[in-house]
$ cat input22.cif   # mmCIF, C-alpha atoms
data_coords
#
loop_
_atom_site.label_atom_id
_atom_site.label_comp_id
_atom_site.auth_asym_id
_atom_site.auth_seq_id
_atom_site.Cartn_x
_atom_site.Cartn_y
_atom_site.Cartn_z
CA MET A 1 52.26 43.37 112.71
CA LYS A 2 51.11 45.27 115.80
CA TRP A 3 53.26 43.00 118.02
CA LEU A 4 56.35 43.58 115.87
CA ARG A 5 55.75 47.35 115.90
CA LYS A 6 55.38 47.36 119.72
CA LYS A 7 58.61 45.37 120.17
CA LYS A 8 60.44 47.76 117.88
CA ASN A 9 59.26 50.75 119.90
CA ASN A 10 60.46 49.11 123.15
CA ASP A 11 63.91 48.46 121.62
CA GLN A 12 64.13 52.10 120.56
CA ALA A 13 63.17 53.23 124.08
CA VAL A 14 65.86 51.04 125.63
CA LEU A 15 68.43 52.26 123.16
CA SER A 16 67.45 55.86 123.83
CA LEU A 17 67.77 55.37 127.62
CA GLU A 18 71.22 53.82 127.25
CA GLN A 19 72.28 56.73 125.06
CA GLN A 20 70.99 59.19 127.66
CA ARG A 21 72.94 57.47 130.41
CA SER A 22 76.11 57.31 128.33
CA GLU A 23 75.91 60.98 127.30
CA LYS A 24 75.04 62.15 130.82
CA LEU A 25 77.83 60.07 132.35
CA ALA A 26 80.36 61.54 129.92
CA GLU A 27 79.18 65.07 130.79
CA MET A 28 79.24 64.50 134.57
CA GLY A 29 82.56 62.63 134.43
CA ALA A 30 84.17 65.55 132.60
CA GLN A 31 82.92 67.98 135.26
CA LEU A 32 84.23 65.78 138.08
CA TRP A 33 87.58 65.37 136.34
CA ALA A 34 87.94 69.12 135.83
CA SER A 35 87.07 69.84 139.47
CA ARG A 36 89.54 67.25 140.71
CA GLN A 37 92.30 68.72 138.55
CA GLU A 38 91.57 72.23 139.84
CA GLN A 39 91.85 71.03 143.44
CA GLY A 40 95.08 69.14 142.73
CA LEU A 41 93.70 65.80 143.95
CA SER A 42 94.82 62.44 142.60
CA LEU A 43 92.49 59.50 142.06
CA GLU A 44 94.22 57.70 144.95
CA GLU A 45 93.31 60.55 147.30
CA VAL A 46 89.69 60.43 146.12
CA VAL A 47 89.70 56.66 146.72
CA ILE A 48 90.66 57.32 150.36
CA LEU A 49 87.88 59.92 150.72
CA THR A 50 85.11 57.88 149.06
CA LYS A 51 86.20 54.24 149.65
CA ILE A 52 85.32 53.62 145.98
CA PRO A 53 87.76 51.48 143.90
CA ARG A 54 90.03 53.44 141.58
CA ARG A 55 88.84 51.64 138.43
CA LEU A 56 85.24 52.77 139.05
CA LEU A 57 86.25 56.38 139.65
CA GLN A 58 88.31 56.33 136.46
CA ALA A 59 85.40 54.83 134.52
CA ILE A 60 83.11 57.63 135.76
CA GLU A 61 85.57 60.32 134.71
CA GLU A 62 86.04 58.72 131.29
CA GLY A 63 82.29 58.18 130.81
CA ASN A 64 82.83 54.45 130.28
CA LEU A 65 79.40 52.99 131.06
CA ASN A 66 80.43 49.41 130.20
CA ASP A 67 82.92 49.21 133.10
CA LEU A 68 80.36 50.30 135.69
CA PRO A 69 77.65 48.31 137.53
CA GLU A 70 73.91 48.90 137.46
CA PRO A 71 72.63 52.50 137.14
CA VAL A 72 71.52 52.74 140.77
CA TYR A 73 75.08 52.00 141.89
CA ILE A 74 76.49 54.45 139.34
CA GLN A 75 74.30 57.21 140.76
CA GLY A 76 75.49 56.40 144.29
CA PHE A 77 79.15 56.46 143.23
CA ILE A 78 78.64 59.79 141.44
CA ARG A 79 77.04 61.26 144.59
CA GLN A 80 80.01 60.17 146.77
CA PHE A 81 82.49 61.39 144.16
CA ALA A 82 80.77 64.79 143.98
CA ASP A 83 80.57 65.12 147.79
CA ALA A 84 84.31 64.49 148.06
CA LEU A 85 84.98 67.34 145.60
CA GLY A 86 82.74 69.83 147.43
CA PHE A 87 79.60 69.54 145.30
CA ASN A 88 76.09 68.88 146.52
CA GLY A 89 76.34 65.19 145.75
CA THR A 90 72.63 64.40 146.02
CA GLU A 91 71.61 67.20 143.67
CA PHE A 92 74.48 66.52 141.28
CA ALA A 93 73.81 62.79 140.99
CA SER A 94 70.03 63.16 140.65
CA THR A 95 70.43 64.19 137.00
CA PHE A 96 71.79 60.76 136.09
CA PRO A 97 68.87 58.72 134.66
CA ILE A 98 68.20 55.42 136.40
CA SER A 99 64.40 55.02 135.92
CA SER A 100 62.28 54.40 132.83
CA GLN A 101 63.15 50.72 132.69
CA PRO A 102 61.82 48.86 129.59
CA VAL A 103 58.25 47.62 129.91
CA ASN A 104 58.06 43.97 130.95
CA SER A 105 55.76 41.87 128.82
CA GLN A 106 54.77 39.77 131.85
CA PRO A 107 51.62 40.69 133.81
CA ILE A 108 52.11 42.99 136.76
CA GLY A 109 50.80 40.40 139.17
CA LYS A 110 53.66 38.02 138.30
CA THR A 111 56.46 40.57 138.85
CA SER A 112 58.77 39.44 141.66
CA PRO A 113 59.04 42.05 144.45
CA LEU A 114 62.47 40.63 145.32
CA ALA A 115 63.72 41.41 141.82
CA GLN A 116 62.50 45.02 142.12
CA LEU A 117 64.08 45.61 145.55
CA ARG A 118 67.32 43.77 144.90
CA PRO A 119 69.41 46.78 143.69
CA ILE A 120 68.40 48.85 146.73
CA HIS A 121 69.19 45.99 149.11
CA LEU A 122 72.59 45.46 147.53
CA TYR A 123 73.35 49.17 147.70
CA PHE A 124 72.61 49.34 151.44
CA LEU A 125 74.55 46.12 152.00
CA TYR A 126 77.52 47.66 150.21
CA ILE A 127 77.37 50.78 152.43
CA PHE A 128 77.02 48.59 155.55
CA LEU A 129 80.10 46.53 154.65
CA ILE A 130 82.13 49.70 154.06
CA LEU A 131 81.14 51.10 157.47
CA CYS A 132 81.97 47.83 159.23
CA THR A 133 85.38 47.69 157.54
CA VAL A 134 86.22 51.30 158.49
CA ASN A 135 85.10 50.78 162.09
CA GLY A 136 87.12 47.57 162.38
CA LEU A 137 90.29 49.20 161.07
CA SER A 138 89.79 52.19 163.37
CA GLN A 139 89.40 49.98 166.43
CA LEU A 140 92.47 47.94 165.48
CA LEU A 141 94.60 51.08 165.10
CA ASN A 142 93.32 52.49 168.42
CA ASN A 143 94.22 49.25 170.25
CA ALA A 144 97.71 49.25 168.75
CA ALA A 145 98.25 52.89 169.76
CA LEU A 146 96.99 52.18 173.30
CA GLN A 147 99.39 49.25 173.72
CA ALA A 148 102.30 51.38 172.47
CA ASN A 149 101.42 54.15 174.96
CA ASN A 150 101.19 51.66 177.82
CA SER A 151 104.63 50.26 177.04
CA GLN A 152 106.09 53.79 176.91
CA ASN A 153 104.37 54.84 180.16
CA GLU A 154 105.75 51.98 182.19
CA PRO A 155 106.26 53.23 185.80
CA ASP A 156 109.80 54.28 186.62
CA SER A 157 109.72 52.27 189.83
CA GLU A 158 109.50 49.05 187.82
CA LYS A 159 112.38 50.03 185.56
CA GLN A 160 114.62 51.11 188.40
CA TYR A 161 114.77 47.66 189.94
CA VAL A 162 116.36 46.18 186.83
CA VAL A 163 120.01 45.53 187.59
CA LYS A 164 122.28 44.89 184.65
CA PRO A 165 124.26 41.70 185.09
CA GLU A 166 127.97 42.31 185.50
CA LEU A 167 130.34 40.67 183.10
CA THR A 168 132.00 37.70 184.68
CA GLN A 169 135.61 38.55 185.31
CA PRO A 170 138.12 35.82 184.50
CA LYS A 171 139.43 34.20 187.62
CA GLN A 172 143.05 34.92 188.28
CA SER A 173 145.29 32.13 189.20
CA VAL A 174 146.08 32.06 192.91
CA GLU A 175 149.12 30.40 194.23
CA ALA A 176 148.45 27.66 196.67
CA GLN A 177 148.85 28.76 200.26
CA PRO A 178 148.93 26.76 203.40
CA VAL A 179 145.55 26.17 204.98
CA SER A 180 146.62 27.81 208.20
CA ASP A 181 147.60 31.06 206.39
CA THR A 182 144.28 31.18 204.54
CA LEU A 183 142.23 30.71 207.70
CA SER A 184 144.33 33.34 209.46
CA SER A 185 143.67 35.94 206.73
CA ILE A 186 139.92 35.21 206.83
CA GLN A 187 139.75 35.58 210.59
CA GLN A 188 141.64 38.87 210.59
CA VAL A 189 138.83 40.89 208.88
CA GLN A 190 135.11 40.93 209.74
CA PRO A 191 132.91 41.56 206.64
CA VAL A 192 130.85 44.76 206.73
CA GLN A 193 127.08 44.78 206.23
CA ILE A 194 124.69 47.71 205.81
CA GLY A 195 120.92 47.84 205.64
CA VAL A 196 118.86 50.75 204.34
CA THR A 197 115.19 51.61 204.87
CA LEU A 198 113.63 54.31 202.71
CA LYS A 199 111.53 56.90 204.56
CA ALA A 200 111.02 58.72 201.24
CA SER A 201 111.74 57.95 197.61
CA SER A 202 115.48 58.54 197.09
CA TRP A 203 118.26 57.89 194.62
CA ILE A 204 120.98 55.53 196.00
CA ARG A 205 124.29 54.17 194.74
CA VAL A 206 126.01 51.30 196.59
CA VAL A 207 129.63 50.30 195.86
CA ALA A 208 130.98 47.11 197.50
CA ASP A 209 134.74 46.47 197.33
CA GLY A 210 135.03 48.85 194.35
CA LYS A 211 132.12 47.27 192.45
CA THR A 212 128.79 49.06 191.93
CA GLU A 213 126.13 46.77 193.37
CA PHE A 214 123.13 49.08 192.85
CA GLU A 215 122.34 52.50 191.38
CA GLY A 216 118.83 53.87 191.00
CA THR A 217 115.78 55.32 192.74
CA LEU A 218 114.06 53.26 195.44
CA PRO A 219 110.47 54.05 196.48
CA GLU A 220 109.35 54.79 200.03
CA GLY A 221 109.24 51.76 202.35
CA THR A 222 111.95 49.78 200.49
CA ARG A 223 114.40 47.75 202.58
CA ARG A 224 117.68 46.49 201.12
CA THR A 225 120.88 44.89 202.51
CA TRP A 226 124.41 44.75 201.05
CA LYS A 227 127.66 43.12 202.23
CA ALA A 228 131.34 43.63 201.43
CA ARG A 229 134.60 42.03 202.53
CA GLU A 230 136.61 45.25 202.72
CA GLN A 231 134.54 48.44 202.20
CA LEU A 232 131.00 49.63 201.43
CA THR A 233 130.18 53.10 200.05
CA VAL A 234 126.63 54.46 200.09
CA LYS A 235 125.66 57.71 198.36
CA THR A 236 122.20 59.31 198.20
CA ASP A 237 120.60 62.57 197.06
CA ASN A 238 118.16 62.66 199.98
CA ALA A 239 120.09 61.88 203.16
CA GLY A 240 117.13 62.58 205.44
CA GLY A 241 114.97 60.04 203.62
CA VAL A 242 117.37 57.08 204.13
CA LEU A 243 117.80 55.15 207.39
CA MET A 244 121.06 53.16 207.42
CA SER A 245 122.23 50.51 209.87
CA VAL A 246 125.79 49.12 210.03
CA ASN A 247 126.33 45.48 210.98
CA GLN A 248 122.72 45.18 212.23
CA GLN A 249 123.07 48.10 214.65
CA LYS A 250 120.35 50.71 215.22
CA ALA A 251 119.42 52.50 212.01
CA LYS A 252 120.13 56.22 211.72
CA GLU A 253 119.39 58.88 209.10
CA MET A 254 122.28 59.48 206.73
CA GLY A 255 121.89 63.27 207.03
CA GLU A 256 119.50 66.13 206.36
CA PRO A 257 116.53 65.82 203.99
CA GLY A 258 117.18 66.82 200.39
CA LYS A 259 120.98 66.87 200.75
CA VAL A 260 123.57 64.69 199.01
CA GLU A 261 125.49 62.47 201.38
CA GLU A 262 128.14 59.77 200.88
CA VAL A 263 129.16 57.32 203.63
CA LYS A 264 132.12 54.93 203.45
CA ILE A 265 132.28 52.00 205.88
CA ALA A 266 135.37 49.79 206.06
CA ALA A 267 135.51 46.27 207.44
CA LYS A 268 136.83 46.00 210.98
CA PRO A 269 139.49 43.54 212.14
CA ARG A 270 138.17 40.68 214.19
CA PRO A 271 138.96 40.80 217.89
#
$ encode --input "input22.cif" --output "structure tokens"
Amino acid sequence: MKWLRKKKNNDQAVLSLEQQRSEKLAEMGAQLWASRQEQGLSLEEVVILTKIPRRLLQAIEEGNLNDLPEPVYIQGFIRQFADALGFNGTEFASTFPISSQPVNSQPIGKTSPLAQLRPIHLYFLYIFLILCTVNGLSQLLNNAALQANNSQNEPDSEKQYVVKPELTQPKQSVEAQPVSDTLSSIQQVQPVQIGVTLKASSWIRVVADGKTEFEGTLPEGTRRTWKAREQLTVKTDNAGGVLMSVNQQKAKEMGEPGKVEEVKIAAKPRP
């Protein structure tokens, strides 16, 4: 009879503790819900702030103890929830009962220390996994932003050397001419050739026989050569920074530094 009476008292203690937790959770959940409504926050926004799943936050607000894990986890979730809403989370969550576990009939010497420490270990493991996940996502986003900035900050000197390919013009039909006439026309004109050496970074446009061969900014020390059958036109915005030679003659400055200059060179008849 004494054993039955002791078991009955333990059942009543367990039932009373569960009732305390349920009533306290309902009270605290109502306070958190009211505070969230006053601040105009949605559950999704609180999820972002606390990293707690939405279903657990909703269960706390509704006081639904059956949808929540062990009491030690519930107290941790309540603390994070309260911190996100501006409360003192530690003080607020301390009123939720998690102790006074039912007395174990086994001797104290046979109680497993691992079983007693398991909830604390799991709680810290949960926090550790959350921190690792946040740090990993942050590093991934930072790397993506750095790559995007590097692609946008590509040096202009690399971009300026890109020359768009010209569309291939359809070849026009040419009437057959005697070989002697063709050779005579070739020998009458000597193609013109210019070479430029950049003393300073300058913008240059080169037009050969009416076709733009290059347009862009060349850095200091660049050397380039162009040829044309009839005429070459060279224009720059820094005449003093460009040395130009015609048909491999001695190079000369195109003009005064910082001034725009345009030079047209026509092919000369052969002697």
$ axis_aligned_box --input "input22.cif" --around "range 217-228 of chain A" --padding-each-side "3 Å" --output "AutoDock Vina command-line options"
--center_x 120.3 --center_y 49.2 --center_z 197.7 --size_x 28.1 --size_y 18.2 --size_z 15.8
$ atom_distance --input "input22.cif" --atom1 "CA of Leu65 in chain A" --atom2 "CA of Ile98 in chain A"
12.6 Å
$ residues_around --input "input22.cif" --residues "Ala267 in chain A" --least-positions-apart "2" --cutoff "7 Å" --atoms "all atoms listed in the file" --output "NGL selection string"
:A and (189-192 or 229-231 or 265 or 269)
$ resolve_selection --input "input22.cif" --expression "the PyMOL selection byres ((chain A and resi 219-224) around 7)" --output "mmCIF file with C-alpha atoms, keeping the file's coordinate frame"
data_model
loop_
_atom_site.group_PDB
_atom_site.id
_atom_site.type_symbol
_atom_site.label_atom_id
_atom_site.label_comp_id
_atom_site.auth_asym_id
_atom_site.auth_seq_id
_atom_site.Cartn_x
_atom_site.Cartn_y
_atom_site.Cartn_z
ATOM 1 C CA SER A 157 109.720 52.270 189.830
ATOM 2 C CA GLY A 195 120.920 47.840 205.640
ATOM 3 C CA VAL A 196 118.860 50.750 204.340
ATOM 4 C CA THR A 197 115.190 51.610 204.870
ATOM 5 C CA LEU A 198 113.630 54.310 202.710
ATOM 6 C CA LYS A 199 111.530 56.900 204.560
ATOM 7 C CA ALA A 200 111.020 58.720 201.240
ATOM 8 C CA SER A 201 111.740 57.950 197.610
ATOM 9 C CA SER A 202 115.480 58.540 197.090
ATOM 10 C CA THR A 217 115.780 55.320 192.740
ATOM 11 C CA LEU A 218 114.060 53.260 195.440
ATOM 12 C CA THR A 225 120.880 44.890 202.510
ATOM 13 C CA TRP A 226 124.410 44.750 201.050
#
$ atom_distance --input "input22.cif" --atom1 "CA of Gln31 in chain A" --atom2 "CA of Leu129 in chain A"
29.1 Å
$ resolve_selection --input "input22.cif" --expression "the PyMOL selection byres ((chain A and resi 70) around 12)" --output "PDB file with C-alpha atoms, in the frame of the given file"
ATOM      1  CA  GLU A  18      71.220  53.820 127.250  1.00  0.00           C
ATOM      2  CA  ARG A  21      72.940  57.470 130.410  1.00  0.00           C
ATOM      3  CA  LEU A  65      79.400  52.990 131.060  1.00  0.00           C
ATOM      4  CA  ASN A  66      80.430  49.410 130.200  1.00  0.00           C
ATOM      5  CA  ASP A  67      82.920  49.210 133.100  1.00  0.00           C
ATOM      6  CA  LEU A  68      80.360  50.300 135.690  1.00  0.00           C
ATOM      7  CA  PRO A  69      77.650  48.310 137.530  1.00  0.00           C
ATOM      8  CA  PRO A  71      72.630  52.500 137.140  1.00  0.00           C
ATOM      9  CA  VAL A  72      71.520  52.740 140.770  1.00  0.00           C
ATOM     10  CA  TYR A  73      75.080  52.000 141.890  1.00  0.00           C
ATOM     11  CA  ILE A  74      76.490  54.450 139.340  1.00  0.00           C
ATOM     12  CA  GLN A  75      74.300  57.210 140.760  1.00  0.00           C
ATOM     13  CA  GLY A  76      75.490  56.400 144.290  1.00  0.00           C
ATOM     14  CA  PHE A  77      79.150  56.460 143.230  1.00  0.00           C
ATOM     15  CA  PRO A  97      68.870  58.720 134.660  1.00  0.00           C
ATOM     16  CA  ILE A  98      68.200  55.420 136.400  1.00  0.00           C
ATOM     17  CA  SER A  99      64.400  55.020 135.920  1.00  0.00           C
ATOM     18  CA  GLN A 101      63.150  50.720 132.690  1.00  0.00           C
ATOM     19  CA  ARG A 118      67.320  43.770 144.900  1.00  0.00           C
ATOM     20  CA  PRO A 119      69.410  46.780 143.690  1.00  0.00           C
ATOM     21  CA  ILE A 120      68.400  48.850 146.730  1.00  0.00           C
ATOM     22  CA  LEU A 122      72.590  45.460 147.530  1.00  0.00           C
ATOM     23  CA  TYR A 123      73.350  49.170 147.700  1.00  0.00           C
TER      24      TYR A 123
END
$ residues_around --input "input22.cif" --residues "Lys259 in chain A" --least-positions-apart "2" --cutoff "9 Å" --atoms "all atoms listed in the file" --output "ChimeraX atom specification"
/A:236-240,255-257,261
$ write_last_selection --input "input22.cif" --atoms "C-alpha atoms" --output "compact mmCIF listing (two decimals), keeping the file's coordinate frame"
# COMPACT_ATOMS: atom_id res chain seq x y z
CA THR A 236 122.20 59.31 198.20
CA ASP A 237 120.60 62.57 197.06
CA ASN A 238 118.16 62.66 199.98
CA ALA A 239 120.09 61.88 203.16
CA GLY A 240 117.13 62.58 205.44
CA GLY A 255 121.89 63.27 207.03
CA GLU A 256 119.50 66.13 206.36
CA PRO A 257 116.53 65.82 203.99
CA GLU A 261 125.49 62.47 201.38
$ residues_around --input "input22.cif" --residues "Lys264 in chain A" --least-positions-apart "5" --cutoff "8 Å" --atoms "all atoms listed in the file" --output "short mmCIF file (atom, residue, chain, number, x, y, z; two decimals) with C-alpha atoms, keeping the file's coordinate frame"
data_model
loop_
_atom_site.label_atom_id
_atom_site.label_comp_id
_atom_site.auth_asym_id
_atom_site.auth_seq_id
_atom_site.Cartn_x
_atom_site.Cartn_y
_atom_site.Cartn_z
CA GLN A 231 134.54 48.44 202.20
CA LEU A 232 131.00 49.63 201.43
CA THR A 233 130.18 53.10 200.05
CA VAL A 234 126.63 54.46 200.09
#
$ residues_around --input "input22.cif" --residues "range 130-137 of chain A" --least-positions-apart "3" --cutoff "12 Å" --atoms "all atoms listed in the file" --output "list in words"
Ile48, Leu49, Thr50, Lys51, Ile52, Pro53, Tyr123, Phe124, Leu125, Tyr126, Ile127, Leu140, Leu141, Asn142, Asn143 and Ala144 of chain A
$ atom_distance --input "input22.cif" --atom1 "CA of Ile60 in chain A" --atom2 "CA of Ser138 in chain A"
28.9 Å
$ resolve_selection --input "input22.cif" --expression "the PyMOL selection byres ((chain A and resi 214) around 9)" --output "list in words"
Tyr161, Val163, Ile204, Arg205, Val206, Val207, Thr212, Glu213, Glu215 and Gly216 of chain A
$ closest_residue --input "input22.cif" --among "A:Asp83, A:Glu262, A:Asp209, A:Glu61" --to "Ala34 in chain A" --atoms "only C-alpha atoms"
A:Glu61
$ residues_near_point --input "input22.cif" --point "(85.5, 61.6, 139.1)" --cutoff "6 Å" --atoms "all atoms listed in the file" --output "JSON, numbers by chain"
{"A": [29, 32, 33, 57, 60, 61, 81]}
$ write_last_selection --input "input22.cif" --atoms "C-alpha atoms" --output "PDB file, in the coordinates of the input"
ATOM      1  CA  GLY A  29      82.560  62.630 134.430  1.00  0.00           C
ATOM      2  CA  LEU A  32      84.230  65.780 138.080  1.00  0.00           C
ATOM      3  CA  TRP A  33      87.580  65.370 136.340  1.00  0.00           C
ATOM      4  CA  LEU A  57      86.250  56.380 139.650  1.00  0.00           C
ATOM      5  CA  ILE A  60      83.110  57.630 135.760  1.00  0.00           C
ATOM      6  CA  GLU A  61      85.570  60.320 134.710  1.00  0.00           C
ATOM      7  CA  PHE A  81      82.490  61.390 144.160  1.00  0.00           C
TER       8      PHE A  81
END
$ closest_residue --input "input22.cif" --among "A:Leu85, A:Gln193, A:Ile78, A:Ser16" --to "Ser42 in chain A" --atoms "all atoms listed in the file"
A:Leu85
$ decode --input "input22.cif" --residues "range 246-259 of chain A" --atoms "N, CA, C and O atoms" --output "compact mmCIF listing (two decimals), in the first residue's frame"
# COMPACT_ATOMS: atom_id res chain seq x y z
N VAL A 246 56.70 58.09 -90.55
CA VAL A 246 56.03 57.79 -91.82
C VAL A 246 56.99 57.00 -92.71
O VAL A 246 58.12 57.46 -92.97
N ASN A 247 56.52 55.84 -93.13
CA ASN A 247 57.34 54.97 -94.01
C ASN A 247 58.73 54.75 -93.42
O ASN A 247 59.76 54.89 -94.10
N GLN A 248 58.76 54.42 -92.10
CA GLN A 248 59.98 54.06 -91.39
C GLN A 248 60.99 55.19 -91.32
O GLN A 248 62.20 54.96 -91.15
N GLN A 249 60.56 56.44 -91.47
CA GLN A 249 61.46 57.57 -91.31
C GLN A 249 61.59 57.90 -89.82
O GLN A 249 61.01 57.24 -88.96
N LYS A 250 62.36 58.93 -89.49
CA LYS A 250 62.58 59.31 -88.11
C LYS A 250 61.27 59.79 -87.48
O LYS A 250 60.54 60.57 -88.07
N ALA A 251 61.02 59.29 -86.28
CA ALA A 251 59.76 59.62 -85.60
C ALA A 251 59.80 61.04 -85.08
O ALA A 251 60.83 61.52 -84.60
N LYS A 252 58.65 61.73 -85.16
CA LYS A 252 58.51 63.09 -84.67
C LYS A 252 57.21 63.21 -83.87
O LYS A 252 56.27 62.47 -84.08
N GLU A 253 57.19 64.19 -82.93
CA GLU A 253 55.97 64.43 -82.18
C GLU A 253 54.90 64.99 -83.11
O GLU A 253 55.19 65.79 -84.00
N MET A 254 53.65 64.59 -82.86
CA MET A 254 52.56 65.05 -83.71
C MET A 254 52.20 66.51 -83.45
O MET A 254 51.61 67.18 -84.29
N GLY A 255 52.59 67.05 -82.30
CA GLY A 255 52.28 68.45 -81.99
C GLY A 255 52.59 68.76 -80.54
O GLY A 255 53.46 68.12 -79.92
N GLU A 256 51.87 69.68 -79.95
CA GLU A 256 52.11 70.12 -78.59
C GLU A 256 51.36 69.24 -77.60
O GLU A 256 50.27 68.73 -77.91
N PRO A 257 51.91 69.07 -76.40
CA PRO A 257 51.26 68.22 -75.40
C PRO A 257 49.87 68.74 -75.03
O PRO A 257 49.67 69.95 -74.89
N GLY A 258 48.94 67.82 -74.88
CA GLY A 258 47.59 68.15 -74.45
C GLY A 258 46.69 68.73 -75.52
O GLY A 258 45.55 69.08 -75.24
N LYS A 259 47.16 68.84 -76.77
CA LYS A 259 46.35 69.41 -77.84
C LYS A 259 45.89 68.32 -78.80
O LYS A 259 46.56 67.32 -79.01
